[in-house]
>>> print(open('work-v2.tsv').read())   # TSV, C-alpha atoms
chain	number	residue	atom	x	y	z
A	1	MET	CA	0.00	0.00	0.00
A	2	SER	CA	2.82	2.44	0.91
A	3	GLU	CA	4.54	1.63	-2.39
A	4	ASP	CA	1.41	2.66	-4.28
A	5	LEU	CA	1.33	5.96	-2.39
A	6	ASP	CA	4.99	6.59	-3.21
A	7	ILE	CA	4.33	5.91	-6.90
A	8	ASP	CA	1.35	8.27	-6.93
A	9	LYS	CA	3.43	10.96	-5.22
A	10	TYR	CA	6.22	10.44	-7.71
A	11	LEU	CA	3.84	10.63	-10.67
A	12	ALA	CA	2.26	13.79	-9.23
A	13	THR	CA	5.70	15.36	-8.80
A	14	GLU	CA	6.69	14.47	-12.35
A	15	ALA	CA	3.43	15.85	-13.70
A	16	THR	CA	3.98	19.10	-11.81
A	17	GLN	CA	7.54	19.36	-13.10
A	18	LEU	CA	6.26	18.79	-16.62
A	19	GLN	CA	3.74	21.58	-16.19
A	20	LYS	CA	6.46	23.88	-14.92
A	21	ASP	CA	8.70	23.14	-17.89
A	22	GLN	CA	5.80	23.67	-20.29
A	23	GLU	CA	4.95	27.02	-18.72
A	24	VAL	CA	8.59	28.13	-18.92
A	25	GLU	CA	8.69	27.21	-22.61
A	26	ARG	CA	5.38	28.97	-23.24
A	27	ILE	CA	6.63	32.21	-21.70
A	28	LEU	CA	9.92	32.03	-23.59
A	29	SER	CA	8.08	31.56	-26.90
A	30	ALA	CA	5.52	34.32	-26.18
A	31	PHE	CA	5.67	37.63	-28.07
A	32	LYS	CA	7.83	39.71	-25.75
A	33	LEU	CA	6.43	43.10	-26.83
A	34	ASN	CA	2.93	42.04	-25.77
A	35	PRO	CA	2.69	41.57	-21.97
A	36	PHE	CA	-0.83	40.15	-22.36
A	37	ASP	CA	0.69	37.35	-24.42
A	38	VAL	CA	3.38	36.68	-21.81
A	39	LEU	CA	0.78	36.42	-19.03
A	40	ASP	CA	-1.58	34.50	-21.35
A	41	LEU	CA	-4.41	37.00	-20.78
A	42	ALA	CA	-6.97	38.66	-23.02
A	43	PRO	CA	-6.82	42.45	-23.48
A	44	ASP	CA	-10.19	42.88	-21.74
A	45	CYS	CA	-8.93	41.28	-18.50
A	46	THR	CA	-9.21	43.10	-15.20
A	47	GLU	CA	-6.47	44.30	-12.89
A	48	LYS	CA	-7.38	41.47	-10.54
A	49	ASP	CA	-6.93	38.96	-13.37
A	50	ILE	CA	-3.45	40.35	-13.97
A	51	LYS	CA	-2.40	39.98	-10.32
A	52	ASN	CA	-3.85	36.46	-10.02
A	53	ALA	CA	-2.21	35.27	-13.22
A	54	TYR	CA	1.17	36.64	-12.18
A	55	ARG	CA	0.99	35.13	-8.69
A	56	LYS	CA	-0.01	31.71	-9.99
A	57	LYS	CA	2.58	31.57	-12.77
A	58	SER	CA	5.42	33.06	-10.72
A	59	LEU	CA	4.98	30.32	-8.10
A	60	LEU	CA	4.91	27.72	-10.86
A	61	ILE	CA	8.09	28.75	-12.69
A	62	HIS	CA	10.13	30.34	-9.90
A	63	PRO	CA	13.81	29.34	-10.28
A	64	ASP	CA	13.71	27.86	-6.77
A	65	LYS	CA	10.71	25.69	-7.72
A	66	THR	CA	11.81	24.27	-11.07
A	67	LYS	CA	14.91	22.70	-12.57
A	68	HIS	CA	14.45	24.22	-16.01
A	69	PRO	CA	17.77	25.86	-17.08
A	70	ARG	CA	15.98	28.96	-18.41
A	71	ALA	CA	13.57	29.39	-15.52
A	72	GLN	CA	15.26	32.64	-14.42
A	73	GLU	CA	14.86	34.14	-17.90
A	74	ALA	CA	11.17	33.18	-18.04
A	75	PHE	CA	10.59	34.55	-14.54
A	76	SER	CA	12.17	37.90	-15.52
A	77	LEU	CA	9.90	38.13	-18.57
A	78	LEU	CA	6.87	37.34	-16.44
A	79	LYS	CA	7.78	40.03	-13.90
A	80	LYS	CA	8.36	42.61	-16.67
A	81	ALA	CA	4.94	41.85	-18.21
A	82	GLU	CA	3.19	42.20	-14.85
A	83	THR	CA	4.95	45.53	-14.21
A	84	GLU	CA	3.88	46.93	-17.59
A	85	LEU	CA	0.24	45.90	-17.18
A	86	SER	CA	0.12	47.20	-13.61
A	87	ASN	CA	0.99	50.63	-14.99
A	88	GLU	CA	-2.27	52.31	-16.00
A	89	LYS	CA	-0.70	54.45	-18.72
A	90	SER	CA	1.17	51.53	-20.26
A	91	ARG	CA	-1.90	49.28	-20.20
A	92	GLN	CA	-4.12	51.94	-21.80
A	93	LEU	CA	-1.57	52.43	-24.56
A	94	LEU	CA	-1.65	48.70	-25.33
A	95	LEU	CA	-5.45	48.71	-25.34
A	96	THR	CA	-5.38	51.61	-27.79
A	97	ILE	CA	-3.17	49.56	-30.09
A	98	PHE	CA	-5.56	46.59	-29.83
A	99	GLU	CA	-8.45	48.86	-30.74
A	100	GLU	CA	-6.50	50.28	-33.68
A	101	ALA	CA	-5.81	46.75	-34.95
A	102	LYS	CA	-9.48	45.83	-34.63
A	103	ILE	CA	-10.73	48.93	-36.48
A	104	THR	CA	-8.15	48.42	-39.25
A	105	LEU	CA	-9.24	44.81	-39.80
A	106	ILE	CA	-12.93	45.75	-39.83
A	107	ALA	CA	-12.24	48.45	-42.43
A	108	ASP	CA	-10.03	46.20	-44.56
A	109	GLN	CA	-12.60	43.37	-44.57
A	110	LYS	CA	-15.52	45.80	-44.96
A	111	LEU	CA	-17.26	44.42	-41.87
A	112	LYS	CA	-19.81	45.99	-39.57
A	113	LEU	CA	-19.54	46.28	-35.80
A	114	THR	CA	-22.62	44.06	-35.55
A	115	ASP	CA	-21.12	41.36	-37.75
A	116	PRO	CA	-21.02	38.02	-35.82
A	117	PHE	CA	-17.61	37.26	-37.32
A	118	ILE	CA	-16.06	39.90	-35.07
A	119	ASN	CA	-16.72	37.72	-32.00
A	120	THR	CA	-15.22	34.54	-33.47
A	121	THR	CA	-11.92	33.01	-32.42
A	122	GLU	CA	-10.58	33.43	-35.94
A	123	PHE	CA	-11.14	37.18	-35.92
A	124	LYS	CA	-9.61	37.48	-32.45
A	125	LEU	CA	-6.50	35.69	-33.74
A	126	GLN	CA	-6.37	38.17	-36.60
A	127	ILE	CA	-6.53	41.04	-34.11
A	128	LYS	CA	-3.69	39.45	-32.16
A	129	GLN	CA	-1.55	39.15	-35.29
A	130	LYS	CA	-2.34	42.70	-36.41
A	131	THR	CA	-1.48	43.98	-32.96
A	132	LYS	CA	1.82	42.12	-33.20
A	133	ASP	CA	2.56	43.80	-36.53
A	134	ILE	CA	1.84	47.25	-35.09
A	135	LEU	CA	4.01	46.63	-32.02
A	136	ILE	CA	6.88	45.40	-34.20
A	137	GLU	CA	6.60	48.47	-36.42
A	138	GLN	CA	6.65	50.76	-33.38
A	139	GLU	CA	9.65	48.93	-31.94
A	140	LEU	CA	11.55	49.27	-35.21
A	141	ARG	CA	10.85	53.01	-35.27
A	142	ARG	CA	11.96	53.30	-31.66
A	143	ARG	CA	15.21	51.47	-32.40
A	144	LYS	CA	15.93	53.59	-35.48
A	145	LEU	CA	15.34	56.76	-33.47
A	146	LEU	CA	17.56	55.45	-30.69
A	147	LYS	CA	20.25	54.59	-33.23
A	148	ARG	CA	20.17	58.10	-34.68
A	149	GLU	CA	20.33	59.60	-31.20
A	150	LEU	CA	23.31	57.41	-30.31
A	151	GLU	CA	25.03	58.34	-33.57
A	152	ALA	CA	24.41	62.02	-32.87
A	153	GLN	CA	25.75	61.59	-29.35
A	154	GLY	CA	28.76	59.77	-30.76
A	155	LEU	CA	29.50	62.59	-33.20
A	156	ALA	CA	29.08	65.14	-30.44
A	157	ALA	CA	31.39	63.16	-28.18
A	158	GLN	CA	33.92	62.82	-31.00
A	159	LYS	CA	33.80	66.56	-31.66
A	160	ALA	CA	34.18	67.30	-27.96
A	161	GLU	CA	37.15	64.94	-27.83
A	162	GLN	CA	38.79	66.71	-30.78
A	163	VAL	CA	38.25	70.09	-29.14
A	164	GLU	CA	39.78	68.76	-25.93
A	165	LYS	CA	42.78	67.37	-27.82
A	166	GLU	CA	43.27	70.73	-29.56
A	167	LYS	CA	43.17	72.54	-26.22
A	168	LYS	CA	45.68	70.10	-24.81
A	169	ARG	CA	47.97	70.53	-27.81
A	170	LYS	CA	47.88	74.33	-27.54
A	171	ALA	CA	48.53	74.14	-23.80
A	172	GLU	CA	51.57	71.94	-24.40
A	173	GLU	CA	52.86	74.32	-27.08
A	174	GLU	CA	52.46	77.31	-24.75
A	175	LYS	CA	54.19	75.41	-21.98
A	176	LEU	CA	57.09	74.51	-24.27
A	177	TRP	CA	57.30	78.13	-25.46
A	178	GLU	CA	57.54	79.38	-21.89
A	179	GLU	CA	60.10	76.74	-20.94
A	180	THR	CA	62.39	77.71	-23.84
A	181	ARG	CA	62.00	81.49	-23.38
A	182	GLU	CA	65.26	81.89	-21.41
A	183	GLN	CA	67.18	79.85	-23.98
A	184	ARG	CA	65.86	81.98	-26.83
A	185	VAL	CA	66.81	85.19	-24.98
A	186	ASN	CA	70.33	83.90	-24.34
A	187	ASN	CA	70.72	82.88	-27.98
A	188	TRP	CA	69.67	86.36	-29.11
A	189	ARG	CA	72.09	88.03	-26.71
A	190	ASP	CA	74.93	85.82	-27.96
A	191	PHE	CA	74.04	86.70	-31.54
A	192	GLN	CA	74.05	90.45	-30.79
A	193	THR	CA	77.40	90.18	-28.97
A	194	LYS	CA	79.05	88.33	-31.86
A	195	LYS	CA	77.62	90.83	-34.34
A	196	GLY	CA	79.05	93.81	-32.41
A	197	THR	CA	82.46	92.22	-32.11
A	198	SER	CA	82.59	91.47	-35.82
A	199	SER	CA	81.72	95.09	-36.85
A	200	GLN	CA	84.42	96.63	-34.59
A	201	GLY	CA	87.39	94.43	-35.51
A	202	GLY	CA	86.71	93.83	-39.17
A	203	THR	CA	87.90	95.76	-42.27
A	204	LYS	CA	85.75	97.88	-44.45
A	205	LYS	CA	84.82	96.35	-47.70
A	206	LYS	CA	85.80	98.14	-50.89
A	207	ARG	CA	82.98	99.57	-52.80
A	208	LYS	CA	82.42	98.16	-56.21
A	209	PHE	CA	83.13	100.26	-59.32
A	210	GLY	CA	80.13	102.17	-60.45
A	211	SER	CA	78.36	101.78	-57.20
A	212	GLU	CA	78.61	105.57	-56.49
A	213	PHE	CA	78.17	108.48	-58.94
A	214	LYS	CA	81.25	110.79	-59.27
A	215	PRO	CA	80.96	114.17	-61.06
A	216	PRO	CA	83.51	114.88	-63.87
A	217	LYS	CA	86.62	116.89	-63.01
A	218	VAL	CA	86.74	120.57	-64.08
A	219	LEU	CA	89.84	121.27	-66.26
A	220	ALA	CA	91.76	124.50	-65.63
A	221	GLU	CA	91.97	127.03	-68.49
A	222	ASP	CA	95.18	127.12	-70.48
A	223	PRO	CA	96.49	130.84	-70.59
A	224	SER	CA	98.41	130.18	-73.76
A	225	LYS	CA	95.24	129.48	-75.73
A	226	PRO	CA	92.88	132.26	-76.61
A	227	TYR	CA	89.47	132.04	-75.09
A	228	ILE	CA	86.75	131.82	-77.70
A	229	LYS	CA	83.36	132.83	-76.57
A	230	ARG	CA	80.61	130.88	-78.14
A	231	PRO	CA	77.88	132.96	-79.73
A	232	THR	CA	74.57	133.03	-78.02
A	233	ASN	CA	71.17	133.42	-79.55
A	234	THR	CA	69.69	136.63	-78.27
A	235	ASN	CA	66.48	136.31	-80.20
A	236	ASN	CA	65.07	133.85	-77.69
>>> encode(input="work-v2.tsv", output="structure tokens")
Amino acid sequence: MSEDLDIDKYLATEATQLQKDQEVERILSAFKLNPFDVLDLAPDCTEKDIKNAYRKKSLLIHPDKTKHPRAQEAFSLLKKAETELSNEKSRQLLLTIFEEAKITLIADQKLKLTDPFINTTEFKLQIKQKTKDILIEQELRRRKLLKRELEAQGLAAQKAEQVEKEKKRKAEEEKLWEETREQRVNNWRDFQTKKGTSSQGGTKKKRKFGSEFKPPKVLAEDPSKPYIKRPTNTNN
């Protein structure tokens, strides 16, 4: 009799472990951008439904309660979904997206709000898929925007780094200029001293021929030759 009880207990334990593993796999395969999907809830669920679902599933897949190697990952996803749906603003935004998906499908299929097809499981699956498409599109836009922002920040950081390097270079040049000031002054003094010594003890250079204009010499009159006065024109 005791052996039968042990077998039943063992089978119950195995069944529970199987359920835990299945729930972990379900959460891991759920659409991560849709917290309703992670918690396996419909969009029209109540806040109480959200809390009950989280409590039940968190106890089922808690890393301390299951041997599944990815239990911690699934538990983190579950907690994130519960946090998002517990936020009124976040939940209302998701509900708006669900409503947008529903209206789009009704318009595309030319249905009426009173059409019975709207309440079928097939149409609800279509809403779920359309909602997934919208969430993916929004996520892609968010990532592109984030990428552009990061690129802009990277360019700004690069520019700031270049400015900082330029400041550092100028500071080093000024420091080197100040450090060599005394040496430059001494070199100039030595140059002036050598220049003065060379001008005092050296010989004057001969001037080159034709470098200076010399007026012609005036010849003295010869007394032995008669002086002939040239005629002048008095008419002018």
>>> residues_around(input="work-v2.tsv", residues="range 18-30 of chain A", least_positions_apart="6", cutoff="7 Å", atoms="only C-alpha atoms", output="ChimeraX atom specification")
/A:37-38,60-61,66,68,71,74
>>> residues_around(input="work-v2.tsv", residues="Asp40 in chain A", least_positions_apart="4", cutoff="10 Å", atoms="only C-alpha atoms", output="list of chain:residue names")
A:Arg26, A:Ile27, A:Ala30, A:Asn34, A:Pro35, A:Phe36, A:Ile50, A:Ala53, A:Tyr54, A:Lys57
>>> axis_aligned_box(input="work-v2.tsv", around="range 118-128 of chain A", padding_each_side="5 Å", output="lines of an AutoDock Vina configuration file")
center_x = -10.2
center_y = 37.0
center_z = -34.3
size_x = 23.0
size_y = 18.0
size_z = 14.6
>>> atom_distance(input="work-v2.tsv", atom1="CA of Ala160 in chain A", atom2="CA of Glu172 in chain A")
18.3 Å
>>> closest_atom_pairs(input="work-v2.tsv", of="range 115-153 of chain A", to="range 92-109 of chain A", cutoff="6 Å", atoms="all atoms listed in the file", output="tab-separated table")
residue	atom	partner	partner_atom	distance
A:Ile127	CA	A:Lys102	CA	5.6
A:Lys130	CA	A:Ala101	CA	5.5
A:Thr131	CA	A:Ala101	CA	5.5
>>> atom_distance(input="work-v2.tsv", atom1="CA of Ala152 in chain A", atom2="CA of Lys168 in chain A")
24.1 Å
>>> atom_distance(input="work-v2.tsv", atom1="CA of Ser76 in chain A", atom2="CA of Gln129 in chain A")
24.1 Å
